[in-house]
>>> print(open('target.cif').read())   # mmCIF, C-alpha atoms
data_data
loop_
_atom_site.label_atom_id
_atom_site.label_comp_id
_atom_site.auth_asym_id
_atom_site.auth_seq_id
_atom_site.Cartn_x
_atom_site.Cartn_y
_atom_site.Cartn_z
CA MET O 12 0.00 0.00 0.00
CA ALA O 13 2.84 2.38 0.87
CA SER O 14 4.67 1.60 -2.37
CA ALA O 15 1.53 2.37 -4.36
CA ALA O 16 1.17 5.74 -2.61
CA GLU O 17 4.83 6.53 -3.28
CA GLN O 18 4.39 5.62 -6.93
CA LEU O 19 1.34 7.88 -7.14
CA ALA O 20 3.25 10.79 -5.64
CA SER O 21 6.24 10.30 -7.92
CA ASN O 22 4.09 10.08 -11.07
CA LEU O 23 1.99 13.15 -10.19
CA ASN O 24 3.67 15.59 -12.60
CA PHE O 25 3.16 17.34 -15.90
CA SER O 26 3.26 14.08 -17.86
CA ALA O 27 0.32 12.83 -15.80
CA PHE O 28 -1.52 16.06 -16.51
CA SER O 29 -0.93 15.70 -20.26
CA LYS O 30 -2.59 12.28 -20.18
CA ALA O 31 -5.60 13.43 -18.12
CA GLU O 32 -8.03 14.01 -21.00
CA ASP O 33 -11.09 14.33 -18.76
CA LEU O 34 -9.33 16.89 -16.56
CA LYS O 35 -8.29 18.95 -19.59
CA LYS O 36 -11.88 18.96 -20.86
CA ARG O 37 -13.07 20.15 -17.45
CA ILE O 38 -10.49 22.96 -17.39
CA TRP O 39 -11.39 24.11 -20.92
CA PHE O 40 -15.08 24.08 -20.01
CA THR O 41 -14.37 26.17 -16.90
CA LEU O 42 -12.32 28.71 -18.87
CA GLY O 43 -15.04 28.95 -21.53
CA ALA O 44 -17.76 29.50 -18.93
CA LEU O 45 -15.72 32.21 -17.20
CA LEU O 46 -15.14 33.88 -20.57
CA VAL O 47 -18.92 34.00 -21.11
CA TYR O 48 -19.28 35.60 -17.69
CA ARG O 49 -16.64 38.23 -18.45
CA LEU O 50 -18.30 39.10 -21.77
CA GLY O 51 -21.62 39.59 -19.97
CA THR O 52 -20.09 42.20 -17.65
CA TYR O 53 -19.60 44.46 -20.70
CA ILE O 54 -23.18 44.25 -22.08
CA PRO O 55 -24.92 47.43 -20.83
CA LEU O 56 -28.37 47.46 -19.30
CA PRO O 57 -30.96 48.69 -21.85
CA GLY O 58 -32.47 52.12 -21.32
CA ILE O 59 -29.60 53.92 -19.55
CA ASN O 60 -27.07 56.56 -20.55
CA PRO O 61 -23.63 54.99 -19.85
CA ASP O 62 -21.80 58.33 -19.63
CA ALA O 63 -24.29 59.82 -17.19
CA PHE O 64 -24.23 56.68 -15.07
CA ALA O 65 -20.41 56.65 -14.99
CA ARG O 66 -20.44 60.19 -13.61
CA ALA O 67 -23.07 59.27 -11.00
CA PHE O 68 -21.19 56.12 -9.99
CA GLN O 69 -17.96 58.00 -9.28
CA GLY O 70 -19.53 59.57 -6.21
CA GLN O 71 -20.55 56.16 -4.83
CA ALA O 72 -17.42 54.12 -5.67
CA GLY O 73 -16.22 54.27 -2.07
CA GLY O 74 -19.43 52.88 -0.59
CA ILE O 75 -21.13 49.52 -0.72
CA LEU O 76 -21.57 49.87 -4.50
CA GLY O 77 -17.78 49.82 -4.83
CA LEU O 78 -17.67 46.57 -2.85
CA PHE O 79 -20.37 45.00 -5.03
CA ASN O 80 -18.59 46.31 -8.13
CA MET O 81 -15.46 44.42 -7.07
CA PHE O 82 -17.39 41.17 -6.54
CA ALA O 83 -19.24 41.67 -9.85
CA GLY O 84 -16.07 42.15 -11.86
CA GLY O 85 -16.76 45.81 -12.67
CA ALA O 86 -20.31 45.11 -13.93
CA VAL O 87 -21.84 47.57 -11.44
CA GLY O 88 -19.57 50.39 -12.60
CA ARG O 89 -20.69 49.72 -16.19
CA MET O 90 -24.30 48.87 -15.14
CA ALA O 91 -24.16 45.70 -17.19
CA ILE O 92 -26.70 42.88 -17.32
CA PHE O 93 -24.64 41.04 -14.66
CA ALA O 94 -24.59 44.06 -12.32
CA LEU O 95 -26.26 42.12 -9.50
CA GLY O 96 -23.65 39.41 -9.91
CA ILE O 97 -23.95 36.31 -7.82
CA MET O 98 -24.41 38.17 -4.50
CA PRO O 99 -28.22 37.55 -4.24
CA TYR O 100 -27.53 33.81 -4.47
CA ILE O 101 -24.83 34.01 -1.79
CA SER O 102 -27.11 36.08 0.46
CA ALA O 103 -29.98 33.61 -0.03
CA SER O 104 -27.65 30.69 0.75
CA ILE O 105 -26.50 32.33 3.98
CA ILE O 106 -30.09 33.13 5.01
CA ILE O 107 -31.19 29.53 4.36
CA GLN O 108 -28.22 28.25 6.39
CA LEU O 109 -29.22 30.49 9.27
CA MET O 110 -32.84 29.34 9.03
CA THR O 111 -31.84 25.65 9.13
CA SER O 112 -30.65 26.26 12.69
CA VAL O 113 -33.91 27.82 13.91
CA VAL O 114 -36.65 26.26 11.73
CA PRO O 115 -37.27 22.59 12.71
CA SER O 116 -38.59 21.57 9.26
CA LEU O 117 -35.48 22.90 7.51
CA GLU O 118 -33.25 21.31 10.12
CA GLN O 119 -34.94 17.97 9.43
CA LEU O 120 -34.41 18.43 5.67
CA LYS O 121 -30.72 19.02 6.31
CA LYS O 122 -30.50 15.59 7.97
CA GLU O 123 -32.24 13.75 5.10
CA GLY O 124 -29.15 13.55 2.92
CA GLU O 125 -29.19 14.11 -0.83
CA GLN O 126 -32.97 14.46 -1.13
CA GLY O 127 -33.13 17.06 1.62
CA ARG O 128 -30.21 18.94 0.07
CA LYS O 129 -32.09 19.19 -3.23
CA VAL O 130 -35.12 20.69 -1.49
CA ILE O 131 -32.93 23.20 0.37
CA ASN O 132 -31.23 24.15 -2.90
CA GLN O 133 -34.65 24.78 -4.44
CA TYR O 134 -35.57 27.06 -1.53
CA THR O 135 -32.25 28.86 -2.07
CA ARG O 136 -33.17 29.49 -5.72
CA TYR O 137 -36.54 30.92 -4.71
CA GLY O 138 -34.78 33.16 -2.20
CA THR O 139 -32.34 34.27 -4.91
CA VAL O 140 -35.20 35.36 -7.16
CA LEU O 141 -36.89 37.24 -4.30
CA LEU O 142 -33.74 39.04 -3.14
CA GLY O 143 -32.66 39.74 -6.72
CA THR O 144 -36.07 41.24 -7.54
CA LEU O 145 -35.97 43.54 -4.51
CA GLN O 146 -32.42 44.67 -5.26
CA ALA O 147 -33.10 45.13 -8.98
CA TYR O 148 -36.20 47.23 -8.28
CA GLY O 149 -34.19 49.39 -5.88
CA ILE O 150 -31.53 49.84 -8.56
CA SER O 151 -34.14 50.82 -11.15
CA VAL O 152 -35.62 53.46 -8.81
CA GLY O 153 -32.13 54.73 -8.00
CA LEU O 154 -31.27 55.00 -11.70
CA GLU O 155 -34.46 56.98 -12.35
CA SER O 156 -33.67 59.38 -9.50
CA SER O 157 -30.25 60.22 -11.00
CA ALA O 158 -30.53 62.98 -13.56
CA GLY O 159 -29.98 61.85 -17.14
CA VAL O 160 -29.20 58.20 -16.36
CA ALA O 161 -32.53 56.62 -17.43
CA THR O 162 -33.32 57.59 -21.03
CA ASP O 163 -37.05 56.81 -20.66
CA PRO O 164 -38.09 56.64 -16.96
CA GLY O 165 -41.28 54.85 -16.06
CA TRP O 166 -42.73 51.48 -15.23
CA PHE O 167 -41.55 49.92 -18.48
CA PHE O 168 -37.96 50.88 -17.58
CA ARG O 169 -38.38 49.49 -14.06
CA ILE O 170 -39.86 46.18 -15.24
CA SER O 171 -37.25 45.71 -17.98
CA THR O 172 -34.46 46.50 -15.51
CA VAL O 173 -35.78 44.00 -12.95
CA VAL O 174 -36.23 41.25 -15.57
CA THR O 175 -32.78 41.84 -17.07
CA LEU O 176 -30.86 42.00 -13.79
CA VAL O 177 -32.67 39.05 -12.17
CA GLY O 178 -32.25 37.06 -15.39
CA GLY O 179 -28.52 37.84 -15.33
CA THR O 180 -28.23 36.62 -11.73
CA MET O 181 -30.14 33.40 -12.46
CA PHE O 182 -27.93 32.78 -15.52
CA LEU O 183 -24.81 33.21 -13.38
CA MET O 184 -26.26 30.83 -10.77
CA TRP O 185 -26.88 28.24 -13.51
CA LEU O 186 -23.42 28.87 -14.98
CA GLY O 187 -21.83 28.34 -11.57
CA GLU O 188 -23.69 25.04 -11.12
CA GLN O 189 -22.52 23.92 -14.57
CA ILE O 190 -18.91 24.73 -13.70
CA THR O 191 -19.20 22.75 -10.48
CA ALA O 192 -20.73 19.73 -12.26
CA ARG O 193 -18.83 19.73 -15.57
CA GLY O 194 -15.78 21.86 -14.86
CA ILE O 195 -13.20 22.09 -12.11
CA GLY O 196 -13.60 23.85 -8.76
CA ASN O 197 -16.60 25.50 -7.13
CA GLY O 198 -18.44 27.44 -9.85
CA ILE O 199 -19.88 30.21 -7.66
CA SER O 200 -16.51 30.88 -6.02
CA LEU O 201 -14.73 30.88 -9.38
CA ILE O 202 -17.15 33.48 -10.77
CA ILE O 203 -16.36 35.82 -7.86
CA PHE O 204 -12.67 34.98 -8.24
CA ALA O 205 -12.72 35.87 -11.95
CA GLY O 206 -14.42 39.19 -11.23
CA ILE O 207 -11.81 40.19 -8.65
CA VAL O 208 -8.77 39.05 -10.63
CA ALA O 209 -9.98 40.64 -13.89
CA ALA O 210 -9.26 44.16 -12.59
CA LEU O 211 -5.89 43.23 -11.09
CA PRO O 212 -3.74 44.02 -14.20
CA ASN O 213 -5.17 47.55 -14.42
CA ALA O 214 -4.55 48.08 -10.71
CA VAL O 215 -0.93 46.92 -11.00
CA ALA O 216 -0.41 49.10 -14.09
CA GLY O 217 -1.88 52.10 -12.24
CA THR O 218 0.46 51.55 -9.28
CA LEU O 219 3.49 51.29 -11.56
CA GLU O 220 2.38 54.47 -13.34
CA LEU O 221 2.31 56.27 -9.97
CA GLY O 222 5.85 55.05 -9.42
CA ARG O 223 6.95 56.29 -12.85
CA THR O 224 5.50 59.75 -12.29
CA GLY O 225 7.09 59.99 -8.84
CA ALA O 226 3.84 59.95 -6.84
CA LEU O 227 5.09 56.79 -5.11
CA SER O 228 8.70 55.85 -4.46
CA PRO O 229 9.96 52.60 -6.05
CA ALA O 230 11.16 51.39 -2.64
CA LEU O 231 7.65 51.79 -1.20
CA ILE O 232 6.10 49.87 -4.12
CA VAL O 233 8.61 47.01 -3.66
CA ALA O 234 7.96 46.97 0.09
CA VAL O 235 4.20 46.75 -0.45
CA LEU O 236 4.65 43.91 -2.95
CA LEU O 237 6.80 42.01 -0.44
CA VAL O 238 4.17 42.56 2.25
CA ALA O 239 1.47 41.28 -0.14
CA VAL O 240 3.49 38.13 -0.88
CA GLY O 241 4.06 37.57 2.84
CA VAL O 242 0.33 38.00 3.60
CA ILE O 243 -0.58 35.54 0.84
CA ALA O 244 1.86 32.96 2.26
CA PHE O 245 0.36 33.54 5.72
CA ILE O 246 -3.18 33.05 4.38
CA VAL O 247 -2.16 29.79 2.67
CA PHE O 248 -0.60 28.53 5.92
CA VAL O 249 -3.60 29.37 8.10
CA GLU O 250 -6.25 28.17 5.60
CA ARG O 251 -4.51 24.78 5.57
CA ALA O 252 -4.19 24.66 9.37
CA GLN O 253 -6.30 22.13 11.26
CA ARG O 254 -6.74 20.95 14.82
CA ARG O 255 -7.14 17.18 14.58
CA LEU O 256 -8.98 15.41 17.37
CA LEU O 257 -8.03 11.76 17.81
CA ILE O 258 -11.01 9.43 17.37
CA GLN O 259 -10.88 5.76 18.33
CA TYR O 260 -13.21 2.93 17.31
CA PRO O 261 -13.43 -0.22 19.46
CA LYS O 262 -13.08 -3.79 18.30
CA ARG O 263 -16.20 -5.18 16.68
CA GLN O 264 -17.37 -8.58 15.58
CA VAL O 265 -19.20 -9.09 12.27
CA GLY O 266 -20.43 -12.68 12.02
CA ALA O 267 -17.54 -14.97 12.86
CA ARG O 268 -14.87 -12.36 12.10
CA MET O 269 -13.35 -10.01 14.66
CA PHE O 270 -12.22 -6.61 13.39
CA GLN O 271 -9.50 -4.72 15.23
CA GLY O 272 -10.16 -1.25 16.60
CA ASP O 273 -9.31 1.66 14.33
CA THR O 274 -8.21 5.26 14.83
CA SER O 275 -8.96 8.37 12.78
CA HIS O 276 -9.02 12.14 13.19
CA LEU O 277 -11.76 14.75 13.34
CA PRO O 278 -10.31 17.80 11.53
CA LEU O 279 -11.37 21.21 12.83
CA LYS O 280 -10.33 24.08 10.55
CA LEU O 281 -8.67 27.05 12.18
CA ASN O 282 -10.86 29.36 10.08
CA THR O 283 -14.18 27.54 9.94
CA ALA O 284 -16.16 30.68 8.99
CA GLY O 285 -14.13 31.32 5.80
CA VAL O 286 -14.61 34.71 4.11
CA ILE O 287 -18.17 35.31 5.34
CA PRO O 288 -17.22 37.48 8.40
CA PRO O 289 -15.24 40.09 6.36
CA ILE O 290 -18.00 40.23 3.71
CA PHE O 291 -20.71 40.82 6.32
CA ALA O 292 -18.60 43.37 8.21
CA SER O 293 -17.66 45.31 5.06
CA SER O 294 -21.25 45.41 3.81
CA LEU O 295 -22.66 46.70 7.11
CA LEU O 296 -19.96 49.34 7.57
CA LEU O 297 -20.25 50.68 4.03
CA LEU O 298 -24.05 50.82 4.12
CA PRO O 299 -24.34 54.18 6.03
CA ALA O 300 -21.91 55.89 3.65
CA THR O 301 -23.87 54.62 0.66
CA VAL O 302 -27.23 55.79 2.03
CA ALA O 303 -25.74 59.18 2.87
CA GLY O 304 -24.32 59.43 -0.63
CA PHE O 305 -27.78 59.01 -2.16
CA ALA O 306 -29.31 61.42 0.34
CA ASN O 307 -28.65 65.13 0.57
CA THR O 308 -25.80 65.31 3.10
CA GLY O 309 -26.36 69.04 3.56
CA ASN O 310 -29.61 68.32 5.41
CA LEU O 311 -28.02 65.86 7.84
CA PRO O 312 -27.45 66.96 11.46
CA SER O 313 -23.89 67.72 12.53
CA TRP O 314 -23.58 64.58 14.67
CA ALA O 315 -24.57 62.36 11.72
CA THR O 316 -21.98 64.07 9.52
CA ALA O 317 -19.33 63.53 12.21
CA VAL O 318 -20.24 59.82 12.52
CA LEU O 319 -20.08 59.34 8.76
CA ALA O 320 -16.66 61.00 8.68
CA SER O 321 -15.47 58.70 11.48
CA LEU O 322 -16.65 55.65 9.50
CA GLY O 323 -14.43 56.51 6.53
CA HIS O 324 -11.65 54.15 5.44
CA GLY O 325 -8.59 54.39 7.65
CA GLN O 326 -10.38 56.15 10.54
CA PRO O 327 -9.90 54.69 14.06
CA LEU O 328 -13.64 54.16 14.61
CA TYR O 329 -13.91 52.34 11.27
CA MET O 330 -10.97 50.09 12.18
CA LEU O 331 -12.41 49.32 15.63
CA MET O 332 -15.89 48.50 14.35
CA TYR O 333 -14.50 46.50 11.43
CA ALA O 334 -12.40 44.35 13.76
CA SER O 335 -15.29 43.90 16.23
CA MET O 336 -17.74 42.85 13.51
CA ILE O 337 -15.28 40.38 11.99
CA GLY O 338 -14.75 38.78 15.40
CA PHE O 339 -18.48 38.60 16.09
CA PHE O 340 -19.39 37.09 12.71
CA ALA O 341 -16.48 34.62 12.94
CA PHE O 342 -18.02 33.10 16.08
CA PHE O 343 -21.61 33.51 14.89
CA TYR O 344 -21.11 31.83 11.50
CA THR O 345 -18.94 29.06 12.97
CA ALA O 346 -21.77 28.23 15.36
CA ILE O 347 -24.14 28.06 12.38
CA VAL O 348 -22.09 25.79 10.10
CA PHE O 349 -20.66 23.44 12.75
CA ASN O 350 -22.79 21.78 15.42
CA PRO O 351 -20.69 19.96 18.08
CA LYS O 352 -23.76 18.08 19.39
CA ASP O 353 -24.57 16.58 15.95
CA THR O 354 -20.92 15.62 15.49
CA ALA O 355 -20.81 13.95 18.91
CA ASP O 356 -24.07 12.07 18.19
CA ASN O 357 -22.69 10.80 14.86
CA LEU O 358 -19.51 9.59 16.55
CA LYS O 359 -21.52 7.81 19.24
CA ARG O 360 -23.80 6.24 16.62
CA HIS O 361 -20.80 4.74 14.82
CA GLY O 362 -19.01 3.68 18.00
CA GLY O 363 -16.31 6.36 17.86
CA PHE O 364 -15.06 8.25 20.92
CA VAL O 365 -12.40 10.74 21.94
CA PRO O 366 -9.89 9.01 24.28
CA GLY O 367 -10.54 10.02 27.88
CA ILE O 368 -13.88 11.70 27.06
CA ARG O 369 -17.25 10.05 27.67
CA PRO O 370 -19.33 9.71 24.45
CA GLY O 371 -22.39 11.88 24.00
CA GLU O 372 -22.82 15.15 25.85
CA ARG O 373 -19.28 15.25 27.29
CA THR O 374 -17.82 14.77 23.80
CA ALA O 375 -19.98 17.61 22.46
CA GLU O 376 -18.75 19.86 25.28
CA TYR O 377 -15.14 18.93 24.56
CA ILE O 378 -15.48 19.59 20.80
CA ASP O 379 -17.15 22.93 21.56
CA TYR O 380 -14.32 23.76 24.00
CA VAL O 381 -11.64 23.09 21.35
CA LEU O 382 -13.62 24.79 18.56
CA THR O 383 -14.13 27.95 20.63
CA ARG O 384 -10.41 28.32 21.26
CA ILE O 385 -9.29 27.76 17.69
CA THR O 386 -12.02 30.16 16.51
CA VAL O 387 -10.38 32.86 18.66
CA VAL O 388 -7.17 32.32 16.68
CA GLY O 389 -9.13 32.23 13.40
CA ALA O 390 -10.92 35.50 14.22
CA LEU O 391 -7.61 37.21 15.08
CA TYR O 392 -6.18 35.95 11.78
CA LEU O 393 -9.13 37.40 9.82
CA ILE O 394 -8.83 40.73 11.64
CA PHE O 395 -5.11 40.94 10.90
CA VAL O 396 -5.47 40.09 7.20
CA CYS O 397 -8.37 42.53 6.70
CA LEU O 398 -6.95 45.46 8.68
CA LEU O 399 -3.41 45.31 7.27
CA PRO O 400 -4.39 46.66 3.80
CA GLU O 401 -6.49 49.38 5.46
CA ILE O 402 -3.49 50.45 7.56
CA LEU O 403 -1.21 50.43 4.52
CA ILE O 404 -3.63 52.58 2.54
CA ALA O 405 -4.12 55.03 5.43
CA GLN O 406 -0.42 55.38 6.30
CA THR O 407 1.28 55.19 2.90
CA GLY O 408 -1.41 56.19 0.40
CA VAL O 409 -0.64 53.16 -1.76
CA PRO O 410 -3.72 52.10 -3.81
CA PHE O 411 -3.76 48.57 -2.38
CA TYR O 412 -6.30 47.03 -4.77
CA LEU O 413 -6.64 43.60 -3.14
CA GLY O 414 -8.18 44.31 0.24
CA GLY O 415 -8.42 41.72 2.97
CA THR O 416 -11.74 40.25 1.82
CA SER O 417 -10.77 39.97 -1.85
CA LEU O 418 -7.34 38.59 -0.94
CA LEU O 419 -8.94 35.88 1.19
CA ILE O 420 -11.34 34.96 -1.63
CA VAL O 421 -8.60 34.80 -4.27
CA VAL O 422 -6.26 32.65 -2.17
CA SER O 423 -9.01 30.34 -0.83
CA VAL O 424 -10.50 29.70 -4.28
CA THR O 425 -7.04 29.07 -5.74
CA LEU O 426 -6.25 26.54 -2.99
CA ASP O 427 -9.57 24.73 -3.45
CA THR O 428 -9.17 24.58 -7.24
CA VAL O 429 -5.58 23.29 -7.05
CA THR O 430 -6.72 20.65 -4.54
CA GLN O 431 -9.44 19.46 -6.95
CA VAL O 432 -6.95 19.32 -9.85
CA GLN O 433 -4.61 17.23 -7.73
CA GLY O 434 -7.52 14.98 -6.74
CA HIS O 435 -8.38 14.33 -10.41
CA LEU O 436 -4.72 13.54 -11.19
CA ILE O 437 -4.42 11.18 -8.23
CA ALA O 438 -7.66 9.41 -9.22
CA GLN O 439 -6.37 8.99 -12.78
CA GLN O 440 -3.01 7.64 -11.58
CA TYR O 441 -4.75 5.28 -9.17
CA GLU O 442 -6.98 3.93 -11.95
CA GLY O 443 -3.89 3.42 -14.09
CA LEU O 444 -2.17 1.41 -11.34
CA ILE O 445 -5.27 -0.75 -10.87
CA LYS O 446 -5.41 -1.50 -14.61
CA LYS O 447 -1.70 -2.40 -14.65
CA SER O 448 -2.12 -4.71 -11.64
CA LYS O 449 -5.10 -6.44 -13.31
CA LEU O 450 -3.13 -6.91 -16.52
CA ARG O 451 -0.20 -8.41 -14.58
CA GLY O 452 -2.58 -10.66 -12.67
CA GLY O 453 -4.15 -11.82 -15.94
CA LYS O 454 -0.78 -12.65 -17.44
CA LYS O 455 0.25 -14.62 -14.33
CA GLY O 456 -3.03 -16.55 -14.48
CA ARG O 457 -2.27 -17.61 -18.04
#
>>> encode(input="target.cif", output="structure tokens")
Amino acid sequence: MASAAEQLASNLNFSAFSKAEDLKKRIWFTLGALLVYRLGTYIPLPGINPDAFARAFQGQAGGILGLFNMFAGGAVGRMAIFALGIMPYISASIIIQLMTSVVPSLEQLKKEGEQGRKVINQYTRYGTVLLGTLQAYGISVGLESSAGVATDPGWFFRISTVVTLVGGTMFLMWLGEQITARGIGNGISLIIFAGIVAALPNAVAGTLELGRTGALSPALIVAVLLVAVGVIAFIVFVERAQRRLLIQYPKRQVGARMFQGDTSHLPLKLNTAGVIPPIFASSLLLLPATVAGFANTGNLPSWATAVLASLGHGQPLYMLMYASMIGFFAFFYTAIVFNPKDTADNLKRHGGFVPGIRPGERTAEYIDYVLTRITVVGALYLIFVCLLPEILIAQTGVPFYLGGTSLLIVVSVTLDTVTQVQGHLIAQQYEGLIKKSKLRGGKKGR
């Protein structure tokens, strides 16, 4: 068994990749689907004046619209048919996950396996349509309120805008599912990844242009690049980090045969919540600035103006609230996606136990104890990664394009995709070894 694993590892190289025809088809399909997505971000919404909208968008680029524009690959800034992006689907998924913890019928569906998962996915699609419709209608009203943006305001413009934007979101949801099924990697994550990475060359070129004109010193640009590389390496290290709990299984007898006890591990990720806490925190913090941007700030009271100024990027209050919200959502979302009691019940059902811990309630308490402590480390890691770019921007003035949230998404999606590619290569190599062993066995039989 060990020799087979060593042979798999030694053969896992570019020659193995060249022979993996199914993997190459999956990669080409994924690239083609992402190309379709990128083309859609340049098709403008019917009935708007692009130049007038570009001028109106400039005043809101620093608010929540700027965040959505980053996730949508620039489609919001161009008001394209994919302007809503995949965010309504992600929001609906998160809402359904939260509801599965408080609604008994949904919690029961979650435990019914594949059939229950299909029903929950259907509810998620319905939620996507509902959220997308509300957001698209709000966008249509906002476009009409901006002078010169809507060429023919009225109900026909609103209905056509809602149908186009919701249709674009549903198409992206379907495209993401197709990538997951027929391509490589998680389709929804790859769509967000493609949107973020697409603007990276322009951001790098803009930074280098600032260095050429003398606005930024070359030493500062090199230092920022080194910091970015170090942060990426740190993210890779932490995202791979796990706390493994030793699980033992007792001896068992099946018929006349006695099976020896076995040991395994229960892996607990250091960052169980993933990128959800920074996304939630960013959205909530940027919401007041966005609302104030649409409203007439001259009519706001002085205290509201002072609060809005304090919530600007790089301000101490913004940093403090950002860090606090990330920490809160890290614990909150971890509690939603991982239930120590269900894990302990599954272990007890299959005869597994943690050495020195009584099965059942005591095991659940122990898992919760360990999970709470590693979540503290995970929350501190998220706070560090998300605040570091903000500090760099505030102190040095460098246009650090990849903020903490986008950097986490890019690195996490890259790691997941590379892992899936390696899994396909290992499966192909393993099948090849099995075929060779069968051929050798057939020859010996003759």
>>> residues_around(input="target.cif", residues="Asn197 in chain O", least_positions_apart="4", cutoff="10 Å", atoms="all atoms listed in the file", output="list in words")
Gly187, Glu188, Gln189, Ile190, Thr191, Ala192, Leu201, Ile202, Val424, Asp427, Thr428 and Gln431 of chain O
>>> resolve_selection(input="target.cif", expression="the PyMOL selection byres ((chain O and resi 97-106) around 8)", output="count of residues only")
22
>>> closest_residue(input="target.cif", among="O:Leu426, O:Val318, O:Val173, O:Leu391", to="Met336 in chain O", atoms="only C-alpha atoms")
O:Leu391
>>> closest_residue(input="target.cif", among="O:Val113, O:Gly178, O:Ala86, O:Thr218", to="Leu236 in chain O", atoms="all atoms listed in the file")
O:Thr218
>>> closest_residue(input="target.cif", among="O:Ser313, O:Tyr48, O:Ile54, O:Thr416", to="Ile287 in chain O", atoms="only C-alpha atoms")
O:Thr416
>>> resolve_selection(input="target.cif", expression="the PyMOL selection byres ((chain O and resi 339-348) around 7)", output="PyMOL selection string")
chain O and resi 109+112+283-284+288+335-338+349-350+386+390
>>> closest_residue(input="target.cif", among="O:Gly165, O:Lys280, O:Val365, O:Val247", to="Thr383 in chain O", atoms="all atoms listed in the file")
O:Lys280
>>> resolve_selection(input="target.cif", expression="the PyMOL selection byres ((chain O and resi 121) around 12)", output="PyMOL selection string")
chain O and resi 107-112+114-120+122-132+348+353
>>> atom_distance(input="target.cif", atom1="CA of Leu56 in chain O", atom2="CA of Ser156 in chain O")
16.3 Å
>>> axis_aligned_box(input="target.cif", around="range 322-341 of chain O", padding_each_side="8 Å", output="AutoDock Vina command-line options")
--center_x -14.0 --center_y 45.6 --center_z 10.8 --size_x 26.8 --size_y 37.9 --size_z 26.8
